[in-house]
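What follows is the content of final.cif, which has mmCIF, C-alpha atoms:
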```cif
data_final
#
loop_
_atom_site.label_atom_id
_atom_site.label_comp_id
_atom_site.auth_asym_id
_atom_site.auth_seq_id
_atom_site.Cartn_x
_atom_site.Cartn_y
_atom_site.Cartn_z
CA MET A 1 126.78 79.10 139.18
CA GLN A 2 127.62 78.91 135.48
CA LYS A 3 127.16 82.24 133.69
CA GLY A 4 123.87 82.49 131.82
CA LYS A 5 122.20 79.62 133.71
CA GLY A 6 120.51 81.57 136.52
CA ARG A 7 116.89 82.66 137.04
CA THR A 8 117.59 86.25 135.93
CA SER A 9 119.13 84.99 132.70
CA ARG A 10 116.11 82.77 131.98
CA ILE A 11 113.71 85.66 132.53
CA ARG A 12 115.80 87.87 130.24
CA ARG A 13 115.76 85.21 127.50
CA ARG A 14 111.98 84.76 127.79
CA LYS A 15 111.44 88.52 127.50
CA LEU A 16 113.75 88.67 124.50
CA CYS A 17 111.89 85.77 122.88
CA ARG A 18 108.49 87.40 123.43
CA SER A 19 109.83 90.68 122.10
CA SER A 20 111.23 89.07 118.95
CA GLU A 21 107.96 87.21 118.36
CA SER A 22 105.92 90.45 118.53
CA ARG A 23 108.29 92.57 116.46
CA GLY A 24 107.78 92.95 112.77
CA VAL A 25 110.09 93.48 109.83
CA ASN A 26 109.98 97.11 108.71
CA GLU A 27 108.79 97.44 105.10
CA SER A 28 109.16 101.21 104.71
CA HIS A 29 111.96 100.63 102.20
CA LYS A 30 109.71 98.78 99.76
CA SER A 31 108.90 100.68 96.59
CA GLU A 32 105.13 100.45 97.00
CA PHE A 33 105.30 102.10 100.42
CA ILE A 34 107.77 104.75 99.28
CA GLU A 35 105.33 105.70 96.51
CA LEU A 36 102.38 105.61 98.89
CA ARG A 37 104.09 107.92 101.39
CA LYS A 38 104.93 110.37 98.58
CA TRP A 39 101.32 110.27 97.44
CA LEU A 40 100.03 110.84 100.98
CA LYS A 41 102.49 113.66 101.59
CA ALA A 42 101.23 115.43 98.47
CA ARG A 43 97.78 115.25 100.07
CA LYS A 44 99.04 116.88 103.29
CA PHE A 45 99.49 113.73 105.37
CA GLN A 46 102.47 113.63 107.72
CA ASP A 47 103.17 110.81 110.17
CA SER A 48 106.10 109.84 112.35
CA ASN A 49 104.32 107.41 114.70
CA LEU A 50 103.84 104.40 112.44
CA ALA A 51 105.70 102.38 109.85
CA PRO A 52 104.50 99.51 107.62
CA ALA A 53 105.84 96.14 108.73
CA CYS A 54 105.25 92.42 108.38
CA PHE A 55 104.45 90.62 111.63
CA PRO A 56 104.40 86.93 112.55
CA GLY A 57 100.81 85.81 112.88
CA THR A 58 99.06 88.91 111.52
CA GLY A 59 101.04 89.63 108.37
CA ARG A 60 101.22 93.20 107.09
CA GLY A 61 100.37 95.88 109.62
CA LEU A 62 101.66 99.10 111.19
CA MET A 63 104.49 99.27 113.73
CA SER A 64 105.07 101.99 116.30
CA GLN A 65 108.20 104.01 115.67
CA THR A 66 108.07 105.50 119.13
CA SER A 67 106.37 104.73 122.44
CA LEU A 68 102.67 105.62 122.29
CA GLN A 69 100.88 106.70 125.43
CA GLU A 70 97.25 106.32 126.45
CA GLY A 71 95.12 109.00 124.79
CA GLN A 72 97.76 109.79 122.17
CA MET A 73 96.84 110.29 118.53
CA ILE A 74 97.83 107.22 116.52
CA ILE A 75 97.03 108.66 113.12
CA SER A 76 95.25 111.65 111.61
CA LEU A 77 94.39 111.18 107.94
CA PRO A 78 93.26 114.32 106.05
CA GLU A 79 89.97 114.28 104.20
CA SER A 80 91.91 114.75 100.96
CA CYS A 81 93.28 111.21 101.40
CA LEU A 82 89.89 109.54 101.92
CA LEU A 83 88.11 107.77 99.08
CA THR A 84 84.41 108.52 99.51
CA THR A 85 81.34 108.86 97.33
CA ASP A 86 82.27 112.56 97.05
CA THR A 87 85.49 111.41 95.36
CA VAL A 88 83.47 109.34 92.92
CA ILE A 89 80.91 112.05 92.14
CA ARG A 90 83.70 114.57 91.42
CA SER A 91 85.36 112.10 89.04
CA TYR A 92 84.65 111.20 85.39
CA LEU A 93 81.97 108.82 86.74
CA GLY A 94 79.94 111.64 88.28
CA ALA A 95 77.91 112.55 85.19
CA TYR A 96 76.96 108.92 84.60
CA ILE A 97 75.97 108.35 88.21
CA THR A 98 73.93 111.56 88.35
CA LYS A 99 71.78 110.71 85.34
CA TRP A 100 71.27 107.01 86.12
CA LYS A 101 67.79 106.00 87.31
CA PRO A 102 67.04 104.58 89.75
CA PRO A 103 69.99 106.16 91.57
CA PRO A 104 72.88 103.74 92.22
CA SER A 105 73.76 102.86 95.79
CA PRO A 106 76.76 104.42 97.57
CA LEU A 107 78.34 100.95 97.63
CA LEU A 108 77.95 100.58 93.86
CA ALA A 109 79.50 104.00 93.32
CA LEU A 110 82.57 103.07 95.39
CA CYS A 111 82.93 99.63 93.80
CA THR A 112 82.60 101.03 90.28
CA PHE A 113 85.32 103.60 90.98
CA LEU A 114 87.66 100.96 92.39
CA VAL A 115 87.24 98.65 89.39
CA SER A 116 87.63 101.51 86.93
CA GLU A 117 90.74 102.91 88.61
CA LYS A 118 92.33 99.49 88.91
CA HIS A 119 91.71 98.99 85.19
CA ALA A 120 93.36 102.37 84.49
CA GLY A 121 96.64 101.04 85.92
CA HIS A 122 99.49 103.58 85.85
CA ARG A 123 97.08 106.28 84.60
CA SER A 124 95.10 106.18 87.87
CA LEU A 125 95.63 109.00 90.36
CA TRP A 126 94.98 106.41 93.06
CA LYS A 127 97.61 103.95 91.81
CA PRO A 128 99.87 104.16 94.92
CA TYR A 129 96.93 103.14 97.10
CA LEU A 130 95.63 100.49 94.74
CA GLU A 131 99.09 98.91 94.62
CA ILE A 132 99.04 98.02 98.32
CA LEU A 133 95.51 96.63 98.38
CA PRO A 134 95.20 92.83 98.58
CA LYS A 135 95.05 91.10 95.22
CA ALA A 136 92.61 88.55 96.68
CA TYR A 137 90.58 88.09 99.86
CA THR A 138 89.86 85.18 102.19
CA CYS A 139 86.23 85.99 103.05
CA PRO A 140 83.87 83.00 102.60
CA VAL A 141 82.29 84.71 99.59
CA CYS A 142 85.64 84.26 97.81
CA LEU A 143 86.08 80.59 98.67
CA GLU A 144 85.38 77.74 96.29
CA PRO A 145 82.04 75.93 96.91
CA GLU A 146 83.81 72.71 97.92
CA VAL A 147 85.64 74.65 100.64
CA VAL A 148 82.44 76.34 101.84
CA ASN A 149 80.87 72.89 102.12
CA LEU A 150 83.44 72.02 104.79
CA LEU A 151 82.37 74.90 107.06
CA PRO A 152 80.14 74.38 110.12
CA LYS A 153 76.45 74.34 109.23
CA SER A 154 75.57 77.80 110.57
CA LEU A 155 78.65 79.41 109.01
CA LYS A 156 78.05 77.64 105.71
CA ALA A 157 74.50 79.01 105.57
CA LYS A 158 75.76 82.54 106.22
CA ALA A 159 78.49 82.16 103.61
CA GLU A 160 76.02 80.98 100.97
CA GLU A 161 73.71 83.86 101.86
CA GLN A 162 76.61 86.30 101.45
CA ARG A 163 77.55 84.82 98.07
CA ALA A 164 73.95 85.10 96.85
CA HIS A 165 73.87 88.74 97.97
CA VAL A 166 77.02 89.62 96.01
CA GLN A 167 75.83 87.73 92.94
CA GLU A 168 72.55 89.67 93.02
CA PHE A 169 74.50 92.90 93.49
CA PHE A 170 76.47 92.09 90.35
CA ALA A 171 73.45 91.08 88.29
CA SER A 172 71.49 94.20 89.23
CA SER A 173 74.45 96.45 88.36
CA ARG A 174 75.22 95.22 84.85
CA ASP A 175 72.92 97.72 83.08
CA PHE A 176 74.63 100.57 84.92
CA PHE A 177 78.03 99.22 83.91
CA SER A 178 76.85 99.09 80.28
CA SER A 179 76.02 102.81 80.45
CA LEU A 180 79.72 103.50 81.12
CA GLN A 181 80.85 102.11 77.74
CA PRO A 182 81.67 105.57 76.30
CA LEU A 183 84.45 105.85 78.92
CA PHE A 184 86.32 102.75 77.77
CA ALA A 185 87.87 101.43 74.60
CA GLU A 186 87.37 97.84 75.78
CA ALA A 187 84.00 96.16 76.28
CA VAL A 188 82.69 96.98 79.78
CA ASP A 189 81.77 93.32 80.31
CA SER A 190 85.48 92.49 80.31
CA ILE A 191 86.26 95.28 82.78
CA PHE A 192 83.34 95.01 85.18
CA SER A 193 83.37 91.24 85.51
CA TYR A 194 82.03 89.36 88.51
CA SER A 195 85.54 88.72 89.82
CA ALA A 196 86.44 92.41 89.50
CA LEU A 197 83.30 93.51 91.33
CA LEU A 198 83.83 90.85 94.00
CA TRP A 199 87.33 92.21 94.63
CA ALA A 200 85.96 95.76 94.94
CA TRP A 201 83.10 94.64 97.19
CA CYS A 202 85.53 92.87 99.52
CA THR A 203 87.84 95.90 99.52
CA VAL A 204 85.03 98.15 100.75
CA ASN A 205 83.55 95.57 103.10
CA THR A 206 86.82 94.66 104.82
CA ARG A 207 88.70 97.97 104.80
CA ALA A 208 86.26 100.89 104.96
CA VAL A 209 85.98 103.19 107.96
CA TYR A 210 82.70 104.64 109.19
CA LEU A 211 81.60 108.20 108.49
CA ARG A 212 78.53 110.06 109.65
CA PRO A 213 75.60 109.25 107.29
CA ARG A 214 75.14 111.61 104.36
CA GLN A 215 72.45 111.83 101.71
CA ARG A 216 72.90 112.73 98.05
CA GLU A 217 70.08 113.06 95.54
CA CYS A 218 72.10 111.24 92.89
CA LEU A 219 72.55 108.18 95.13
CA SER A 220 70.00 105.77 96.59
CA ALA A 221 68.70 106.09 100.13
CA GLU A 222 71.02 103.39 101.45
CA PRO A 223 73.35 104.67 104.19
CA ASP A 224 76.35 106.51 102.74
CA THR A 225 78.76 105.83 105.60
CA CYS A 226 81.83 104.18 104.06
CA ALA A 227 85.21 105.66 103.25
CA LEU A 228 88.45 103.99 102.26
CA ALA A 229 91.37 105.30 104.27
CA PRO A 230 94.77 104.67 102.65
CA TYR A 231 97.57 103.68 105.04
CA LEU A 232 95.24 103.82 108.04
CA ASP A 233 93.58 100.65 106.77
CA LEU A 234 96.81 98.73 107.34
CA LEU A 235 95.99 98.68 111.07
CA ASN A 236 95.03 95.15 112.08
CA HIS A 237 92.35 94.03 114.53
CA SER A 238 92.73 92.92 118.12
CA PRO A 239 89.74 92.32 120.42
CA HIS A 240 91.93 93.25 123.40
CA VAL A 241 92.40 96.94 122.56
CA GLN A 242 90.15 99.96 122.49
CA VAL A 243 90.50 103.08 120.40
CA LYS A 244 88.55 106.26 119.74
CA ALA A 245 88.03 106.68 116.01
CA ALA A 246 85.97 109.26 114.14
CA PHE A 247 86.05 111.95 111.51
CA ASN A 248 86.93 115.28 113.12
CA GLU A 249 84.82 118.02 111.52
CA GLU A 250 87.13 120.73 112.85
CA THR A 251 90.39 119.34 111.50
CA HIS A 252 88.72 117.64 108.51
CA SER A 253 90.65 114.47 109.27
CA TYR A 254 89.85 110.91 110.26
CA GLU A 255 91.52 110.47 113.63
CA ILE A 256 92.31 107.49 115.83
CA ARG A 257 93.42 107.81 119.44
CA THR A 258 94.60 104.88 121.50
CA THR A 259 93.36 104.02 124.98
CA SER A 260 96.31 101.63 125.34
CA ARG A 261 100.07 101.99 125.54
CA TRP A 262 102.41 100.72 122.86
CA ARG A 263 106.14 100.19 123.10
CA LYS A 264 108.48 101.16 120.31
CA HIS A 265 108.52 98.63 117.44
CA GLU A 266 105.32 96.86 118.60
CA GLU A 267 102.45 96.25 116.21
CA VAL A 268 99.70 98.81 116.77
CA PHE A 269 96.17 97.42 116.68
CA ILE A 270 92.68 98.82 116.52
CA CYS A 271 89.41 97.04 117.31
CA TYR A 272 86.93 96.45 114.49
CA GLY A 273 84.20 95.81 117.05
CA PRO A 274 83.15 93.20 119.65
CA HIS A 275 82.76 90.47 117.03
CA ASP A 276 82.84 86.71 117.53
CA ASN A 277 84.99 84.62 115.20
CA GLN A 278 82.13 83.73 112.90
CA ARG A 279 81.43 87.41 112.27
CA LEU A 280 85.13 88.16 111.82
CA PHE A 281 85.51 85.35 109.30
CA LEU A 282 82.39 86.32 107.36
CA GLU A 283 83.16 90.02 107.17
CA TYR A 284 86.97 90.12 107.18
CA GLY A 285 88.23 86.64 106.33
CA PHE A 286 90.14 85.86 109.53
CA VAL A 287 89.57 84.68 113.10
CA SER A 288 91.06 85.98 116.34
CA VAL A 289 93.00 83.69 118.68
CA HIS A 290 91.85 83.96 122.33
CA ASN A 291 88.85 86.03 121.26
CA PRO A 292 86.92 87.12 124.41
CA HIS A 293 83.80 87.49 122.23
CA ALA A 294 83.96 83.90 120.96
CA CYS A 295 80.73 81.94 121.13
CA VAL A 296 79.34 78.61 119.96
CA TYR A 297 76.39 78.47 117.58
CA VAL A 298 73.96 75.60 118.16
CA SER A 299 71.00 74.39 116.14
CA ARG A 300 67.41 74.93 117.25
CA GLY A 301 67.05 71.34 118.36
CA TRP A 302 69.51 71.80 121.22
CA ASN A 303 67.08 73.74 123.41
CA GLN A 304 64.67 70.77 123.33
CA LEU A 305 67.48 68.35 124.10
CA CYS A 306 68.63 70.41 127.09
CA SER A 307 65.15 71.08 128.52
#
```

Would you kindly transcribe this structure into structure tokens?
Amino acid sequence: MQKGKGRTSRIRRRKLCRSSESRGVNESHKSEFIELRKWLKARKFQDSNLAPACFPGTGRGLMSQTSLQEGQMIISLPESCLLTTDTVIRSYLGAYITKWKPPPSPLLALCTFLVSEKHAGHRSLWKPYLEILPKAYTCPVCLEPEVVNLLPKSLKAKAEEQRAHVQEFFASSRDFFSSLQPLFAEAVDSIFSYSALLWAWCTVNTRAVYLRPRQRECLSAEPDTCALAPYLDLLNHSPHVQVKAAFNEETHSYEIRTTSRWRKHEEVFICYGPHDNQRLFLEYGFVSVHNPHACVYVSRGWNQLCS
């Protein structure tokens, strides 16, 4: 038999092909990640399990640098690295938030901080994190109306509802933004524009991790459960994995443990929840291939047709 033509050789080639398709290109050498790792290290974060990489199909994510076993800690991000409403209240925005009536929502506090820090550019203490955030998002709320019109009826209705919600959020926040004028040389209307707030809203909505609810007198009664988690938020979603994720009150870190095994140089995933593709698209701007939670939405008239 000619060398390389046998069954064993074919199996080896298929395995090599699958391996190359799942492997990403390490991006640790890129300047934005070098700066981010320095910034995280200064905040007491150390990690040898994961590396930023670009993968076929999912784009930017995190790659295992060693084999990860079931139950092993994937990442432990110190509280000092988390961007929460506590971060905002302790900042230059705190005095303005505290005196504003009625109290602003936790979401507004986070969005205001993001827009303000992005505007600060190189002067921002959060610049290394802001530099790796997406410049734009693919959620339906960001799509042009003519594109939304092409969506299935049920998804289109949800998308229009989401857009109306964000527009109302912006309109109801403009007086609060005006109160921040003493902090800026430029007119606040040019800083806190609709597009800027939309970017911040999508950043929180698509990337935040969940914390135990807290209540602050200077914020509204809406649940204060969101935190932005630099580096950790590069982990992409897969409906086929399970993880244990929570803030550890003893270590004061947000920790994720895997219930799966990962080989070296594979992309490491987490699960955002048992969401169907409509929910994933609405909330995160993507769909999942071979989603076990996929479902078909039908109009009310179908039950009469089928009865």

Would you mind listing what lies within 8 Å of Leu228 of chain A as a count of residues only, with all atoms listed in the file counted and same-chain residues fewer than 4 positions away left out?
8

On this file, the PyMOL selection byres ((chain A and resi 211) around 7) gives some set of residues; write that set as JSON, numbers by chain.
{"A": [209, 210, 212, 213, 225, 226, 227, 247]}

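If you apply the PyMOL selection byres ((chain A and resi 53-67) around 6) to this structure, you end up with Gly24, Val25, Asn26, Glu27, Asn49, Leu50, Ala51, Pro52, Leu68, Leu234, Leu235, Asn236, Trp262, Arg263, Lys264, His265, Glu266, Glu267 and Val268 of chain A.
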
Given all atoms listed in the file as the counted atoms, nearest of A:Ser190, A:Glu35, A:Gln46, A:Glu222 to Ala109 of chain A
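The answer is A:Glu222, which sits nearest to Ala109 of chain A.
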
Residue with smallest distance to Ser80 of chain A - pool A:Lys127, A:His165, A:His252, A:His122, counting all atoms listed in the file:
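Smallest separation from Ser80 of chain A among the options: A:His252.
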
From the list A:Cys218, A:Val166, A:Val243, A:Leu114, which residue is nearest Ile191 of chain A when using only C-alpha atoms?
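The shortest atom-to-atom distance to Ile191 of chain A comes from A:Leu114.
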
For segment 143-153 of chain A, please output as an MDAnalysis selection string all residues within 12 Å (counting all atoms listed in the file; exclusion window: fewer than 2 positions along the same chain).
chainID A and resid 136:141 155:163 198 278 281:282 285 296:299

Kindly list the centre and edge lengths in Å, rounded to one decimal, for the axis-aligned box that covers all listed atoms of segment 229-232 of chain A plus 3 Å on each of its six sides, as JSON.
```
{"center_x": 94.5, "center_y": 104.5, "center_z": 105.3, "size_x": 12.2, "size_y": 7.6, "size_z": 11.4}
```

Atomic separation - atom CA of Pro102 of chain A relative to atom CA of Leu125 of chain A, Å
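Interatomic distance here is 28.9 Å.
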
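Put simply, atom CA of Pro78 of chain A is 6.9 Å away from atom CA of Lys44 of chain A.
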
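Between atom CA of Pro274 of chain A and atom CA of Ser260 of chain A there is a distance of 16.6 Å.
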
Evaluate the PyMOL selection byres ((chain A and resi 87-92) around 9) and report residues as a list of chain:residue names
A:Leu82, A:Leu83, A:Thr84, A:Thr85, A:Asp86, A:Leu93, A:Gly94, A:Ala95, A:Tyr96, A:Ile97, A:Thr98, A:Ala109, A:Leu110, A:Thr112, A:Phe113, A:Leu183, A:Cys218

Residue with smallest distance to Ser172 of chain A - pool A:Pro223, A:Leu108, A:Ser195, A:Lys38, counting only C-alpha atoms
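Checking each candidate against Ser172 of chain A, we get A:Leu108 as the closest.
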
Among listed residues A:Asp47, A:Glu70, A:Asp189, A:Glu32, nearest Thr259 of chain A (using all atoms listed in the file)
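Residue with the minimum atom-to-atom distance to Thr259 of chain A: A:Glu70.
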
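Within a radius of 7 Å around (92.3, 93.1, 115.9), the polymer residues are Asn236, His237, Ser238, Pro239, Phe269, Ile270, Cys271 and Tyr272 of chain A, counting only C-alpha atoms.
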
Is there a way to complete segment 199-210 of chain A with all heavy atoms and then write that out as a PDB file, in the coordinates of the input?
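Now in part15.pdb:
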```pdb
ATOM      1  N   TRP A 199      86.128  91.623  94.011  1.00  0.00           N
ATOM      2  CA  TRP A 199      87.330  92.210  94.630  1.00  0.00           C
ATOM      3  C   TRP A 199      87.012  93.590  95.213  1.00  0.00           C
ATOM      4  O   TRP A 199      87.396  93.903  96.346  1.00  0.00           O
ATOM      5  CB  TRP A 199      88.440  92.318  93.584  1.00  0.00           C
ATOM      6  CG  TRP A 199      89.612  93.111  94.079  1.00  0.00           C
ATOM      7  CD1 TRP A 199      90.651  92.666  94.843  1.00  0.00           C
ATOM      8  CD2 TRP A 199      89.851  94.505  93.856  1.00  0.00           C
ATOM      9  NE1 TRP A 199      91.518  93.694  95.125  1.00  0.00           N
ATOM     10  CE2 TRP A 199      91.056  94.839  94.522  1.00  0.00           C
ATOM     11  CE3 TRP A 199      89.161  95.514  93.155  1.00  0.00           C
ATOM     12  CZ2 TRP A 199      91.585  96.128  94.511  1.00  0.00           C
ATOM     13  CZ3 TRP A 199      89.700  96.799  93.139  1.00  0.00           C
ATOM     14  CH2 TRP A 199      90.884  97.094  93.808  1.00  0.00           C
ATOM     15  N   ALA A 200      86.297  94.412  94.463  1.00  0.00           N
ATOM     16  CA  ALA A 200      85.960  95.760  94.940  1.00  0.00           C
ATOM     17  C   ALA A 200      85.023  95.697  96.132  1.00  0.00           C
ATOM     18  O   ALA A 200      85.183  96.454  97.107  1.00  0.00           O
ATOM     19  CB  ALA A 200      85.327  96.563  93.799  1.00  0.00           C
ATOM     20  N   TRP A 201      84.044  94.794  96.078  1.00  0.00           N
ATOM     21  CA  TRP A 201      83.100  94.640  97.190  1.00  0.00           C
ATOM     22  C   TRP A 201      83.839  94.249  98.468  1.00  0.00           C
ATOM     23  O   TRP A 201      83.586  94.801  99.546  1.00  0.00           O
ATOM     24  CB  TRP A 201      82.049  93.595  96.831  1.00  0.00           C
ATOM     25  CG  TRP A 201      80.965  93.422  97.846  1.00  0.00           C
ATOM     26  CD1 TRP A 201      79.771  94.092  97.910  1.00  0.00           C
ATOM     27  CD2 TRP A 201      80.969  92.508  98.963  1.00  0.00           C
ATOM     28  NE1 TRP A 201      79.031  93.655  98.983  1.00  0.00           N
ATOM     29  CE2 TRP A 201      79.735  92.685  99.649  1.00  0.00           C
ATOM     30  CE3 TRP A 201      81.861  91.560  99.434  1.00  0.00           C
ATOM     31  CZ2 TRP A 201      79.407  91.952 100.782  1.00  0.00           C
ATOM     32  CZ3 TRP A 201      81.546  90.830 100.573  1.00  0.00           C
ATOM     33  CH2 TRP A 201      80.330  91.022 101.238  1.00  0.00           C
ATOM     34  N   CYS A 202      84.758  93.307  98.351  1.00  0.00           N
ATOM     35  CA  CYS A 202      85.530  92.870  99.520  1.00  0.00           C
ATOM     36  C   CYS A 202      86.440  93.987 100.024  1.00  0.00           C
ATOM     37  O   CYS A 202      86.644  94.128 101.239  1.00  0.00           O
ATOM     38  CB  CYS A 202      86.368  91.648  99.176  1.00  0.00           C
ATOM     39  SG  CYS A 202      85.411  90.127  98.988  1.00  0.00           S
ATOM     40  N   THR A 203      86.988  94.776  99.113  1.00  0.00           N
ATOM     41  CA  THR A 203      87.840  95.900  99.520  1.00  0.00           C
ATOM     42  C   THR A 203      87.051  96.868 100.399  1.00  0.00           C
ATOM     43  O   THR A 203      87.522  97.278 101.466  1.00  0.00           O
ATOM     44  CB  THR A 203      88.387  96.628  98.284  1.00  0.00           C
ATOM     45  OG1 THR A 203      89.217  95.728  97.534  1.00  0.00           O
ATOM     46  CG2 THR A 203      89.210  97.842  98.685  1.00  0.00           C
ATOM     47  N   VAL A 204      85.864  97.226  99.960  1.00  0.00           N
ATOM     48  CA  VAL A 204      85.030  98.150 100.750  1.00  0.00           C
ATOM     49  C   VAL A 204      84.576  97.483 102.039  1.00  0.00           C
ATOM     50  O   VAL A 204      84.647  98.079 103.130  1.00  0.00           O
ATOM     51  CB  VAL A 204      83.818  98.635  99.929  1.00  0.00           C
ATOM     52  CG1 VAL A 204      82.903  99.519 100.795  1.00  0.00           C
ATOM     53  CG2 VAL A 204      84.271  99.396  98.686  1.00  0.00           C
ATOM     54  N   ASN A 205      84.127  96.254 101.942  1.00  0.00           N
ATOM     55  CA  ASN A 205      83.550  95.570 103.100  1.00  0.00           C
ATOM     56  C   ASN A 205      84.568  95.308 104.201  1.00  0.00           C
ATOM     57  O   ASN A 205      84.239  95.344 105.393  1.00  0.00           O
ATOM     58  CB  ASN A 205      82.920  94.247 102.661  1.00  0.00           C
ATOM     59  CG  ASN A 205      81.969  93.683 103.694  1.00  0.00           C
ATOM     60  OD1 ASN A 205      81.009  94.341 104.072  1.00  0.00           O
ATOM     61  ND2 ASN A 205      82.234  92.480 104.165  1.00  0.00           N
ATOM     62  N   THR A 206      85.808  95.026 103.817  1.00  0.00           N
ATOM     63  CA  THR A 206      86.820  94.660 104.820  1.00  0.00           C
ATOM     64  C   THR A 206      87.671  95.834 105.279  1.00  0.00           C
ATOM     65  O   THR A 206      88.315  95.747 106.326  1.00  0.00           O
ATOM     66  CB  THR A 206      87.762  93.570 104.278  1.00  0.00           C
ATOM     67  OG1 THR A 206      88.481  94.084 103.150  1.00  0.00           O
ATOM     68  CG2 THR A 206      86.988  92.323 103.869  1.00  0.00           C
ATOM     69  N   ARG A 207      87.712  96.932 104.504  1.00  0.00           N
ATOM     70  CA  ARG A 207      88.700  97.970 104.800  1.00  0.00           C
ATOM     71  C   ARG A 207      88.113  99.353 105.080  1.00  0.00           C
ATOM     72  O   ARG A 207      88.839 100.258 105.531  1.00  0.00           O
ATOM     73  CB  ARG A 207      89.702  98.082 103.631  1.00  0.00           C
ATOM     74  CG  ARG A 207      90.338  96.769 103.261  1.00  0.00           C
ATOM     75  CD  ARG A 207      91.340  96.917 102.144  1.00  0.00           C
ATOM     76  NE  ARG A 207      92.602  97.501 102.593  1.00  0.00           N
ATOM     77  CZ  ARG A 207      93.563  96.809 103.168  1.00  0.00           C
ATOM     78  NH1 ARG A 207      93.422  95.519 103.386  1.00  0.00           N
ATOM     79  NH2 ARG A 207      94.681  97.407 103.527  1.00  0.00           N
ATOM     80  N   ALA A 208      86.840  99.548 104.824  1.00  0.00           N
ATOM     81  CA  ALA A 208      86.260 100.890 104.960  1.00  0.00           C
ATOM     82  C   ALA A 208      86.123 101.311 106.432  1.00  0.00           C
ATOM     83  O   ALA A 208      85.918 100.481 107.318  1.00  0.00           O
ATOM     84  CB  ALA A 208      84.892 100.944 104.284  1.00  0.00           C
ATOM     85  N   VAL A 209      86.264 102.607 106.651  1.00  0.00           N
ATOM     86  CA  VAL A 209      85.980 103.190 107.960  1.00  0.00           C
ATOM     87  C   VAL A 209      84.606 103.838 107.909  1.00  0.00           C
ATOM     88  O   VAL A 209      84.042 104.069 106.835  1.00  0.00           O
ATOM     89  CB  VAL A 209      87.051 104.241 108.358  1.00  0.00           C
ATOM     90  CG1 VAL A 209      88.414 103.576 108.475  1.00  0.00           C
ATOM     91  CG2 VAL A 209      87.105 105.398 107.353  1.00  0.00           C
ATOM     92  N   TYR A 210      84.084 104.139 109.086  1.00  0.00           N
ATOM     93  CA  TYR A 210      82.700 104.640 109.190  1.00  0.00           C
ATOM     94  C   TYR A 210      82.702 106.171 109.250  1.00  0.00           C
ATOM     95  O   TYR A 210      83.460 106.778 110.003  1.00  0.00           O
ATOM     96  CB  TYR A 210      82.045 104.063 110.440  1.00  0.00           C
ATOM     97  CG  TYR A 210      80.636 104.541 110.674  1.00  0.00           C
ATOM     98  CD1 TYR A 210      79.551 103.919 110.058  1.00  0.00           C
ATOM     99  CD2 TYR A 210      80.372 105.626 111.519  1.00  0.00           C
ATOM    100  CE1 TYR A 210      78.254 104.361 110.273  1.00  0.00           C
ATOM    101  CE2 TYR A 210      79.080 106.069 111.743  1.00  0.00           C
ATOM    102  CZ  TYR A 210      78.022 105.434 111.116  1.00  0.00           C
ATOM    103  OH  TYR A 210      76.741 105.882 111.335  1.00  0.00           O
TER     104      TYR A 210
END
```
